[in-house]
$ cat coords.csv   # CSV, C-alpha atoms and all ligand atoms
chain,number,residue,atom,x,y,z
A,1,MET,CA,-40.8,-9.6,-7.5
A,2,LEU,CA,-39.7,-11.2,-4.2
A,3,LYS,CA,-42.0,-12.1,-1.4
A,4,LEU,CA,-41.2,-13.6,2.0
A,5,GLU,CA,-44.2,-14.9,3.8
A,6,GLY,CA,-43.9,-15.6,7.5
A,7,ILE,CA,-40.6,-17.3,7.5
A,8,ASP,CA,-38.9,-18.9,10.5
A,9,VAL,CA,-35.3,-19.8,10.2
A,10,TYR,CA,-33.3,-21.7,12.8
A,11,TYR,CA,-29.7,-22.6,13.4
A,12,ASP,CA,-30.3,-25.9,15.2
A,13,SER,CA,-32.4,-24.8,18.2
A,14,ILE,CA,-31.6,-21.1,17.9
A,15,GLN,CA,-34.3,-19.2,16.1
A,16,ALA,CA,-32.8,-16.4,13.9
A,17,LEU,CA,-35.9,-15.2,12.0
A,18,ARG,CA,-39.4,-14.9,13.4
A,19,ASN,CA,-42.4,-14.9,11.2
A,20,LEU,CA,-40.6,-12.6,8.8
A,21,SER,CA,-42.6,-11.2,5.9
A,22,LEU,CA,-41.3,-8.7,3.4
A,23,GLU,CA,-41.7,-7.8,-0.2
A,24,VAL,CA,-39.2,-6.4,-2.7
A,25,ARG,CA,-40.8,-4.8,-5.8
A,26,GLU,CA,-39.4,-5.1,-9.3
A,27,GLY,CA,-37.0,-2.3,-10.1
A,28,GLU,CA,-36.5,-1.0,-6.5
A,29,ILE,CA,-33.6,-0.8,-4.1
A,30,TYR,CA,-34.8,-2.2,-0.7
A,31,ALA,CA,-32.6,-1.5,2.3
A,32,LEU,CA,-32.8,-4.0,5.1
A,33,LEU,CA,-31.4,-2.4,8.2
A,34,GLY,CA,-30.6,-3.8,11.6
A,35,ALA,CA,-27.9,-4.1,14.3
A,36,ASN,CA,-25.4,-6.9,14.7
A,37,GLY,CA,-27.2,-10.2,15.0
A,38,ALA,CA,-30.6,-8.9,13.9
A,39,GLY,CA,-30.9,-11.6,11.2
A,40,LYS,CA,-29.9,-9.6,8.1
A,41,THR,CA,-27.4,-12.2,6.7
A,42,THR,CA,-29.8,-15.0,7.7
A,43,THR,CA,-32.5,-13.4,5.6
A,44,LEU,CA,-30.3,-13.2,2.5
A,45,LYS,CA,-29.2,-16.8,3.0
A,46,ALA,CA,-32.8,-17.9,3.1
A,47,ILE,CA,-33.4,-16.1,-0.2
A,48,SER,CA,-30.3,-17.4,-1.9
A,49,GLY,CA,-31.0,-20.9,-0.6
A,50,LEU,CA,-28.1,-21.4,1.8
A,51,LEU,CA,-30.7,-21.9,4.5
A,52,ILE,CA,-34.1,-23.4,4.3
A,53,PRO,CA,-36.9,-21.9,6.5
A,54,ARG,CA,-38.7,-24.2,9.0
A,55,LYS,CA,-41.9,-22.3,8.4
A,56,GLY,CA,-43.2,-19.9,5.7
A,57,ARG,CA,-42.7,-19.5,2.0
A,58,ILE,CA,-40.5,-17.5,-0.4
A,59,TYR,CA,-41.8,-16.5,-3.8
A,60,PHE,CA,-39.7,-15.1,-6.6
A,61,GLN,CA,-41.6,-13.8,-9.7
A,62,ASN,CA,-44.7,-15.5,-8.4
A,63,GLU,CA,-43.1,-18.9,-8.1
A,64,ASP,CA,-42.5,-20.8,-4.8
A,65,ILE,CA,-38.7,-21.1,-4.4
A,66,THR,CA,-38.6,-22.0,-0.7
A,67,PHE,CA,-37.0,-25.4,-1.3
A,68,LEU,CA,-35.2,-24.8,-4.6
A,69,PRO,CA,-31.5,-25.6,-4.7
A,70,ILE,CA,-29.1,-22.6,-4.8
A,71,GLU,CA,-28.0,-23.2,-8.5
A,72,GLU,CA,-31.6,-23.2,-9.6
A,73,ARG,CA,-32.2,-19.8,-7.9
A,74,VAL,CA,-29.0,-18.4,-9.6
A,75,LYS,CA,-30.4,-19.6,-12.9
A,76,ARG,CA,-33.7,-17.8,-12.2
A,77,GLY,CA,-31.8,-14.6,-11.6
A,78,ILE,CA,-31.0,-14.4,-7.9
A,79,SER,CA,-27.4,-13.6,-7.1
A,80,GLN,CA,-25.8,-12.9,-3.7
A,81,VAL,CA,-22.7,-10.9,-2.8
A,82,PRO,CA,-21.6,-12.3,0.5
A,83,GLU,CA,-20.6,-10.4,3.6
A,84,GLY,CA,-16.9,-9.6,3.7
A,85,ARG,CA,-16.3,-9.6,-0.1
A,86,ARG,CA,-15.2,-13.2,-0.4
A,87,VAL,CA,-13.3,-13.2,-3.6
A,88,PHE,CA,-10.9,-16.0,-4.5
A,89,GLY,CA,-7.7,-14.4,-3.4
A,90,LYS,CA,-5.4,-16.9,-5.2
A,91,LEU,CA,-7.2,-16.5,-8.5
A,92,THR,CA,-6.9,-13.6,-10.8
A,93,VAL,CA,-9.6,-11.0,-11.3
A,94,GLU,CA,-10.5,-12.5,-14.6
A,95,GLU,CA,-10.8,-16.0,-13.2
A,96,ASN,CA,-13.0,-14.7,-10.4
A,97,LEU,CA,-15.3,-13.1,-13.0
A,98,LEU,CA,-15.4,-16.2,-15.2
A,99,LEU,CA,-16.5,-18.3,-12.2
A,100,GLY,CA,-19.4,-15.9,-11.7
A,101,GLY,CA,-20.5,-16.5,-15.2
A,102,TRP,CA,-21.0,-20.2,-15.2
A,103,THR,CA,-24.8,-20.0,-15.7
A,104,LYS,CA,-24.3,-17.7,-18.7
A,105,GLU,CA,-21.3,-19.1,-20.5
A,106,ARG,CA,-22.4,-17.9,-23.9
A,107,GLU,CA,-22.8,-14.3,-22.6
A,108,ILE,CA,-19.4,-14.0,-20.9
A,109,LYS,CA,-17.9,-11.6,-23.4
A,110,LYS,CA,-20.9,-9.3,-23.4
A,111,ASN,CA,-21.1,-9.4,-19.6
A,112,LEU,CA,-17.4,-8.7,-19.2
A,113,GLU,CA,-17.8,-5.6,-21.4
A,114,ILE,CA,-20.8,-4.4,-19.2
A,115,ILE,CA,-18.7,-4.9,-16.1
A,116,PHE,CA,-15.7,-3.0,-17.5
A,117,SER,CA,-17.9,-0.1,-18.3
A,118,LEU,CA,-19.3,-0.1,-14.8
A,119,PHE,CA,-15.9,-0.8,-13.1
A,120,PRO,CA,-13.1,0.3,-15.4
A,121,VAL,CA,-10.5,-0.4,-12.7
A,122,LEU,CA,-11.2,-4.1,-13.0
A,123,LYS,CA,-10.2,-4.1,-16.7
A,124,GLN,CA,-6.8,-2.8,-15.8
A,125,ARG,CA,-6.3,-5.5,-13.2
A,126,LEU,CA,-7.6,-8.6,-15.0
A,127,ARG,CA,-4.4,-10.6,-14.5
A,128,GLN,CA,-3.8,-9.4,-10.9
A,129,LEU,CA,-4.5,-11.9,-8.1
A,130,ALA,CA,-7.7,-10.9,-6.4
A,131,GLY,CA,-6.1,-11.2,-3.0
A,132,THR,CA,-3.8,-8.3,-3.8
A,133,LEU,CA,-6.6,-5.8,-4.7
A,134,SER,CA,-7.5,-3.0,-2.3
A,135,GLY,CA,-10.6,-3.5,-0.1
A,136,GLY,CA,-12.7,-1.3,-2.3
A,137,GLU,CA,-11.5,-3.1,-5.5
A,138,GLN,CA,-12.3,-6.4,-3.9
A,139,GLN,CA,-15.8,-5.2,-3.1
A,140,MET,CA,-16.2,-4.1,-6.7
A,141,LEU,CA,-14.9,-7.5,-7.9
A,142,SER,CA,-17.3,-9.3,-5.6
A,143,ILE,CA,-20.3,-7.3,-7.0
A,144,ALA,CA,-19.0,-7.7,-10.6
A,145,ARG,CA,-18.7,-11.4,-10.1
A,146,ALA,CA,-22.3,-11.6,-9.0
A,147,LEU,CA,-23.4,-9.6,-12.1
A,148,MET,CA,-21.8,-12.1,-14.4
A,149,SER,CA,-24.9,-14.3,-13.9
A,150,GLU,CA,-27.2,-11.5,-15.2
A,151,PRO,CA,-29.2,-11.4,-12.0
A,152,ARG,CA,-32.6,-9.8,-11.9
A,153,LEU,CA,-32.3,-9.6,-8.1
A,154,LEU,CA,-29.0,-8.8,-6.5
A,155,LEU,CA,-28.6,-9.5,-2.8
A,156,LEU,CA,-25.8,-7.4,-1.2
A,157,ASP,CA,-24.6,-8.1,2.3
A,158,GLU,CA,-23.1,-5.0,3.9
A,159,PRO,CA,-21.2,-3.7,0.9
A,160,SER,CA,-19.8,-0.8,2.8
A,161,LEU,CA,-18.3,-2.8,5.7
A,162,GLY,CA,-14.7,-1.9,6.4
A,163,LEU,CA,-14.3,0.6,3.6
A,164,ALA,CA,-13.1,4.1,4.0
A,165,PRO,CA,-15.8,6.8,3.7
A,166,LEU,CA,-14.8,7.9,0.2
A,167,LEU,CA,-14.9,4.3,-1.0
A,168,VAL,CA,-18.3,3.8,0.7
A,169,ARG,CA,-19.6,6.6,-1.4
A,170,ASP,CA,-18.2,5.1,-4.6
A,171,ILE,CA,-19.7,1.7,-3.8
A,172,PHE,CA,-23.2,3.1,-3.2
A,173,HIS,CA,-22.8,5.1,-6.4
A,174,TYR,CA,-22.2,1.9,-8.3
A,175,ILE,CA,-25.1,0.1,-6.6
A,176,ARG,CA,-27.4,2.9,-7.8
A,177,GLU,CA,-26.0,2.7,-11.3
A,178,ILE,CA,-26.5,-1.1,-11.4
A,179,ASN,CA,-30.1,-0.5,-10.4
A,180,GLU,CA,-30.8,2.5,-12.7
A,181,GLU,CA,-28.8,1.5,-15.8
A,182,ARG,CA,-28.9,-2.3,-15.7
A,183,GLY,CA,-32.4,-2.5,-14.3
A,184,VAL,CA,-31.4,-4.9,-11.5
A,185,THR,CA,-33.6,-5.0,-8.4
A,186,ILE,CA,-31.5,-4.8,-5.3
A,187,LEU,CA,-31.9,-6.0,-1.7
A,188,VAL,CA,-29.1,-4.4,0.3
A,189,VAL,CA,-28.4,-5.3,3.9
A,190,GLU,CA,-26.6,-2.5,5.8
A,191,GLN,CA,-25.6,-1.2,9.2
A,192,ASN,CA,-24.8,2.0,7.5
A,193,ALA,CA,-28.4,3.2,7.4
A,194,HIS,CA,-27.4,6.7,6.4
A,195,MET,CA,-25.9,5.7,3.1
A,196,ALA,CA,-28.4,2.9,2.4
A,197,LEU,CA,-31.4,5.2,2.9
A,198,GLN,CA,-29.8,7.7,0.5
A,199,ILE,CA,-30.0,5.2,-2.4
A,200,ALA,CA,-33.0,3.0,-1.4
A,201,HIS,CA,-36.6,3.5,-2.4
A,202,ARG,CA,-37.9,1.5,0.5
A,203,GLY,CA,-36.6,-0.4,3.4
A,204,GLY,CA,-37.2,-2.2,6.7
A,205,LEU,CA,-35.7,-2.6,10.1
A,206,LEU,CA,-35.0,-6.0,11.6
A,207,GLN,CA,-34.7,-6.5,15.3
A,208,GLN,CA,-33.9,-9.9,16.8
A,209,GLY,CA,-35.2,-11.6,13.8
A,210,GLU,CA,-38.4,-9.6,13.4
A,211,LEU,CA,-39.2,-6.9,11.0
A,212,ILE,CA,-40.4,-4.1,13.3
A,213,LEU,CA,-40.6,-1.2,10.8
A,214,GLU,CA,-41.1,-0.8,7.1
A,215,GLY,CA,-41.6,2.1,4.8
A,216,SER,CA,-40.3,4.4,2.1
A,217,ALA,CA,-36.7,5.5,2.5
A,218,ASP,CA,-38.0,9.0,3.4
A,219,GLU,CA,-40.4,7.7,6.0
A,220,LEU,CA,-37.7,5.5,7.6
A,221,LYS,CA,-35.2,8.5,7.8
A,222,ASN,CA,-37.8,10.3,9.9
A,223,MET,CA,-38.7,7.5,12.2
A,224,GLU,CA,-37.4,8.1,15.7
A,225,LEU,CA,-36.2,4.5,16.1
A,226,VAL,CA,-34.1,4.6,13.0
A,227,LYS,CA,-32.8,8.1,13.7
A,228,SER,CA,-31.8,7.3,17.2
A,229,ALA,CA,-30.3,3.9,16.6
A,230,TYR,CA,-28.8,4.3,13.1
A,231,LEU,CA,-28.5,7.9,12.0
A,232,GLY,CA,-26.7,9.2,15.0
A,233,GLY,CA,-29.5,11.5,15.8
B,301,LIG,N1,-24.1,-20.6,11.9
B,301,LIG,C1,-24.8,-20.1,13.0
B,301,LIG,N2,-25.0,-20.9,14.0
B,301,LIG,C2,-25.7,-20.5,15.1
B,301,LIG,N3,-26.2,-19.3,15.2
B,301,LIG,C3,-26.0,-18.4,14.2
B,301,LIG,C4,-25.3,-18.8,13.0
B,301,LIG,N4,-25.2,-17.7,12.1
B,301,LIG,C5,-25.9,-16.8,12.8
B,301,LIG,N5,-26.4,-17.2,14.0
B,301,LIG,C6,-27.2,-16.3,14.9
B,301,LIG,O1,-28.4,-15.9,14.2
B,301,LIG,C7,-28.6,-14.5,14.6
B,301,LIG,C8,-28.7,-13.7,13.3
B,301,LIG,O2,-27.4,-13.7,12.7
B,301,LIG,P1,-27.1,-12.9,11.3
B,301,LIG,O3,-25.8,-13.3,10.9
B,301,LIG,O4,-28.2,-13.1,10.4
B,301,LIG,O5,-27.1,-11.4,11.8
B,301,LIG,P2,-26.8,-10.1,11.0
B,301,LIG,O6,-27.9,-9.2,11.2
B,301,LIG,O7,-26.3,-10.4,9.7
B,301,LIG,O8,-25.6,-9.5,11.9
B,301,LIG,P3,-24.2,-8.7,11.4
B,301,LIG,O9,-24.6,-7.3,11.3
B,301,LIG,O10,-23.3,-8.9,12.6
B,301,LIG,O11,-23.7,-9.4,10.2
B,301,LIG,C9,-27.5,-14.1,15.5
B,301,LIG,O12,-28.1,-14.2,16.8
B,301,LIG,C10,-26.4,-15.1,15.3
B,301,LIG,O13,-25.7,-15.3,16.5
B,302,MG,MG,-24.5,-10.2,8.7

$ encode --input "coords.csv" --output "structure tokens"
Amino acid sequence: MLKLEGIDVYYDSIQALRNLSLEVREGEIYALLGANGAGKTTTLKAISGLLIPRKGRIYFQNEDITFLPIEERVKRGISQVPEGRRVFGKLTVEENLLLGGWTKEREIKKNLEIIFSLFPVLKQRLRQLAGTLSGGEQQMLSIARALMSEPRLLLLDEPSLGLAPLLVRDIFHYIREINEERGVTILVVEQNAHMALQIAHRGGLLQQGELILEGSADELKNMELVKSAYLGG
């Protein structure tokens, strides 16, 4: 479904991704792991169009999207949930959701119903300012807002960051549900390898902008490098 072919991404003269190739298959959850500064967010930004690679190509559903503007990628079904759950704090929950639905204006009612069935708590809080939601609720809203564009590929940047362990479990449960019940392909970036590998089908490990390991979730769980660095073993 998504293919990165040898991409290099720079911030001015600093190279953040080095000849990165990876493939996300339709219907799967792919976990991209790596330490701080490894290039995880940069990878997602290249896919969503916030950054353009200096070398290499990005294909989505067999079409070259390397240079497409962000809005065009959203229309084709790529939606990103940014790091740090950036909801619009001064807007209500409902307004946040409506903003996410701009590419699918005629489907808003249907999509709101889908979201309320996934996240019932958001329905109770429609008129509440997003900035007053708890951290976990804000993360749910951030994911829900991205779902309003009916993505085929959802990019999640560290959905568990800063959440209490119980909430982390909830969020990963929702991610799996979105994948299984809504049929959305998911690329999730995580430092919490333990949780990510529990729900992922496959994954890869980024180190200093390079993909140094790739495999099924079970294979990754057993690799020494992943175990020692990320699974506390
Ligand atoms: N706007 C920027 N300008 C310059 N360098 C940047 C910028 N954003 C990121 N970088 C650098 O690019 C590299 C990759 O950063 P990136 O944000 O992709 O890492 P990450 O894996 O998402 O890390 P984290 O887990 O901390 O979020 C880092 O060395 C970082 O310092
Ligand atoms: Mg990051």

$ closest_residue --input "coords.csv" --among "A:Lys40, A:Lys104, A:Arg127, A:Arg57" --to "Met148 of chain A" --atoms "all atoms listed in the file"
A:Lys104

$ atom_distance --input "coords.csv" --atom1 "atom CA of Ala196 of chain A" --atom2 "atom CA of Leu118 of chain A"
19.7 Å

$ residues_around --input "coords.csv" --residues "segment 11-27 of chain A" --least-positions-apart "3" --cutoff "8 Å" --atoms "all atoms listed in the file" --output "list in words"
Met1, Leu2, Lys3, Leu4, Glu5, Gly6, Ile7, Asp8, Tyr30, Ala38, Gly39, Thr42, Thr43, Lys55, Gly56, Asn179, Gly183, Val184, Thr185, Ile186, Leu187, Gln208, Gly209, Glu210 and Leu211 of chain A

$ residues_around --input "coords.csv" --residues "segment 167-174 of chain A" --least-positions-apart "4" --cutoff "9 Å" --atoms "all atoms listed in the file" --output "ChimeraX atom specification"
/A:118-119,135-136,139-140,159-163,178-179,195-196,198-199

$ closest_residue --input "coords.csv" --among "A:Pro69, A:Gly77, A:Pro53, A:Gly84" --to "ligand LIG 301 (chain B)" --atoms "all atoms listed in the file"
A:Gly84

$ closest_residue --input "coords.csv" --among "A:Leu166, A:Val9, A:Ala35, A:Ile115" --to "ligand LIG 301 (chain B)" --atoms "all atoms listed in the file"
A:Ala35

$ residues_around --input "coords.csv" --residues "Asp218 of chain A" --least-positions-apart "3" --cutoff "12 Å" --atoms "all atoms listed in the file" --output "NGL selection string"
:A and (31 or 193-194 or 196-204 or 214-215 or 221-223 or 226-227)

$ write_last_selection --input "coords.csv" --atoms "C-alpha atoms" --output "PDB file, in the coordinates of the input"
ATOM      1  CA  ALA A  31     -32.600  -1.500   2.300  1.00  0.00           C
ATOM      2  CA  ALA A 193     -28.400   3.200   7.400  1.00  0.00           C
ATOM      3  CA  HIS A 194     -27.400   6.700   6.400  1.00  0.00           C
ATOM      4  CA  ALA A 196     -28.400   2.900   2.400  1.00  0.00           C
ATOM      5  CA  LEU A 197     -31.400   5.200   2.900  1.00  0.00           C
ATOM      6  CA  GLN A 198     -29.800   7.700   0.500  1.00  0.00           C
ATOM      7  CA  ILE A 199     -30.000   5.200  -2.400  1.00  0.00           C
ATOM      8  CA  ALA A 200     -33.000   3.000  -1.400  1.00  0.00           C
ATOM      9  CA  HIS A 201     -36.600   3.500  -2.400  1.00  0.00           C
ATOM     10  CA  ARG A 202     -37.900   1.500   0.500  1.00  0.00           C
ATOM     11  CA  GLY A 203     -36.600  -0.400   3.400  1.00  0.00           C
ATOM     12  CA  GLY A 204     -37.200  -2.200   6.700  1.00  0.00           C
ATOM     13  CA  GLU A 214     -41.100  -0.800   7.100  1.00  0.00           C
ATOM     14  CA  GLY A 215     -41.600   2.100   4.800  1.00  0.00           C
ATOM     15  CA  LYS A 221     -35.200   8.500   7.800  1.00  0.00           C
ATOM     16  CA  ASN A 222     -37.800  10.300   9.900  1.00  0.00           C
ATOM     17  CA  MET A 223     -38.700   7.500  12.200  1.00  0.00           C
ATOM     18  CA  VAL A 226     -34.100   4.600  13.000  1.00  0.00           C
ATOM     19  CA  LYS A 227     -32.800   8.100  13.700  1.00  0.00           C
TER      20      LYS A 227
END

$ closest_residue --input "coords.csv" --among "A:Asn111, A:Thr92, A:Gln128, A:Gln191" --to "ligand MG 302 (chain B)" --atoms "all atoms listed in the file"
A:Gln191

$ closest_residue --input "coords.csv" --among "A:Val74, A:Leu205, A:Leu156, A:Ile47" --to "ligand MG 302 (chain B)" --atoms "only C-alpha atoms and all ligand atoms"
A:Leu156

$ closest_residue --input "coords.csv" --among "A:Gly49, A:Pro120, A:Gly34, A:Pro165" --to "Phe67 of chain A" --atoms "all atoms listed in the file"
A:Gly49

$ residues_near_ligand --input "coords.csv" --ligand "ligand MG 302 (chain B)" --cutoff "8 Å" --atoms "all atoms listed in the file" --output "PDB file with C-alpha atoms, in the frame of the given file"
ATOM      1  CA  ASN A  36     -25.400  -6.900  14.700  1.00  0.00           C
ATOM      2  CA  GLY A  37     -27.200 -10.200  15.000  1.00  0.00           C
ATOM      3  CA  GLY A  39     -30.900 -11.600  11.200  1.00  0.00           C
ATOM      4  CA  LYS A  40     -29.900  -9.600   8.100  1.00  0.00           C
ATOM      5  CA  THR A  41     -27.400 -12.200   6.700  1.00  0.00           C
ATOM      6  CA  THR A  42     -29.800 -15.000   7.700  1.00  0.00           C
ATOM      7  CA  GLU A  83     -20.600 -10.400   3.600  1.00  0.00           C
ATOM      8  CA  ASP A 157     -24.600  -8.100   2.300  1.00  0.00           C
ATOM      9  CA  GLU A 158     -23.100  -5.000   3.900  1.00  0.00           C
ATOM     10  CA  VAL A 189     -28.400  -5.300   3.900  1.00  0.00           C
TER      11      VAL A 189
END

$ build_atoms --input "coords.csv" --residues "segment 206-232 of chain A" --atoms "N, CA and C atoms" --output "compact mmCIF listing (two decimals), in the coordinates of the input"
# COMPACT_ATOMS: atom_id res chain seq x y z
N LEU A 206 -34.89 -4.66 10.91
CA LEU A 206 -35.00 -6.00 11.60
C LEU A 206 -34.45 -5.79 13.02
N GLN A 207 -35.15 -6.43 13.94
CA GLN A 207 -34.70 -6.50 15.30
C GLN A 207 -34.92 -7.85 15.87
N GLN A 208 -33.86 -8.50 16.29
CA GLN A 208 -33.90 -9.90 16.80
C GLN A 208 -34.82 -10.77 15.97
N GLY A 209 -34.56 -10.72 14.67
CA GLY A 209 -35.20 -11.60 13.80
C GLY A 209 -36.64 -11.25 13.37
N GLU A 210 -37.07 -10.06 13.80
CA GLU A 210 -38.40 -9.60 13.40
C GLU A 210 -38.33 -8.29 12.68
N LEU A 211 -39.19 -8.14 11.68
CA LEU A 211 -39.20 -6.90 11.00
C LEU A 211 -40.16 -5.95 11.75
N ILE A 212 -39.57 -4.93 12.37
CA ILE A 212 -40.40 -4.10 13.30
C ILE A 212 -40.83 -2.78 12.61
N LEU A 213 -40.20 -2.42 11.49
CA LEU A 213 -40.60 -1.20 10.80
C LEU A 213 -40.45 -1.44 9.29
N GLU A 214 -41.29 -0.80 8.50
CA GLU A 214 -41.10 -0.80 7.10
C GLU A 214 -41.67 0.46 6.49
N GLY A 215 -41.11 0.90 5.40
CA GLY A 215 -41.60 2.10 4.80
C GLY A 215 -40.77 2.59 3.64
N SER A 216 -41.13 3.76 3.11
CA SER A 216 -40.30 4.40 2.10
C SER A 216 -39.01 4.84 2.76
N ALA A 217 -37.98 5.08 1.96
CA ALA A 217 -36.70 5.50 2.50
C ALA A 217 -36.92 6.84 3.30
N ASP A 218 -37.73 7.73 2.74
CA ASP A 218 -38.00 9.00 3.40
C ASP A 218 -38.68 8.83 4.75
N GLU A 219 -39.67 7.93 4.75
CA GLU A 219 -40.40 7.70 6.00
C GLU A 219 -39.41 7.11 7.06
N LEU A 220 -38.59 6.16 6.62
CA LEU A 220 -37.70 5.50 7.60
C LEU A 220 -36.69 6.56 8.15
N LYS A 221 -36.20 7.44 7.30
CA LYS A 221 -35.20 8.50 7.80
C LYS A 221 -35.82 9.29 8.88
N ASN A 222 -37.14 9.47 8.87
CA ASN A 222 -37.80 10.30 9.90
C ASN A 222 -38.31 9.59 11.08
N MET A 223 -38.19 8.25 11.08
CA MET A 223 -38.70 7.50 12.20
C MET A 223 -37.71 7.59 13.38
N GLU A 224 -38.24 7.85 14.56
CA GLU A 224 -37.40 8.10 15.70
C GLU A 224 -36.43 6.89 15.96
N LEU A 225 -36.98 5.69 15.84
CA LEU A 225 -36.20 4.50 16.10
C LEU A 225 -34.98 4.41 15.20
N VAL A 226 -35.22 4.68 13.94
CA VAL A 226 -34.10 4.60 13.00
C VAL A 226 -33.15 5.74 13.22
N LYS A 227 -33.70 6.92 13.48
CA LYS A 227 -32.80 8.10 13.70
C LYS A 227 -31.94 7.86 14.91
N SER A 228 -32.55 7.42 16.00
CA SER A 228 -31.80 7.30 17.20
C SER A 228 -30.74 6.19 17.14
N ALA A 229 -31.16 5.08 16.55
CA ALA A 229 -30.30 3.90 16.60
C ALA A 229 -29.25 3.96 15.46
N TYR A 230 -29.64 4.50 14.30
CA TYR A 230 -28.80 4.30 13.10
C TYR A 230 -28.32 5.56 12.44
N LEU A 231 -28.95 6.67 12.70
CA LEU A 231 -28.50 7.90 12.00
C LEU A 231 -27.83 8.85 12.88
N GLY A 232 -27.45 8.37 14.05
CA GLY A 232 -26.70 9.20 15.00
C GLY A 232 -27.41 10.43 15.41
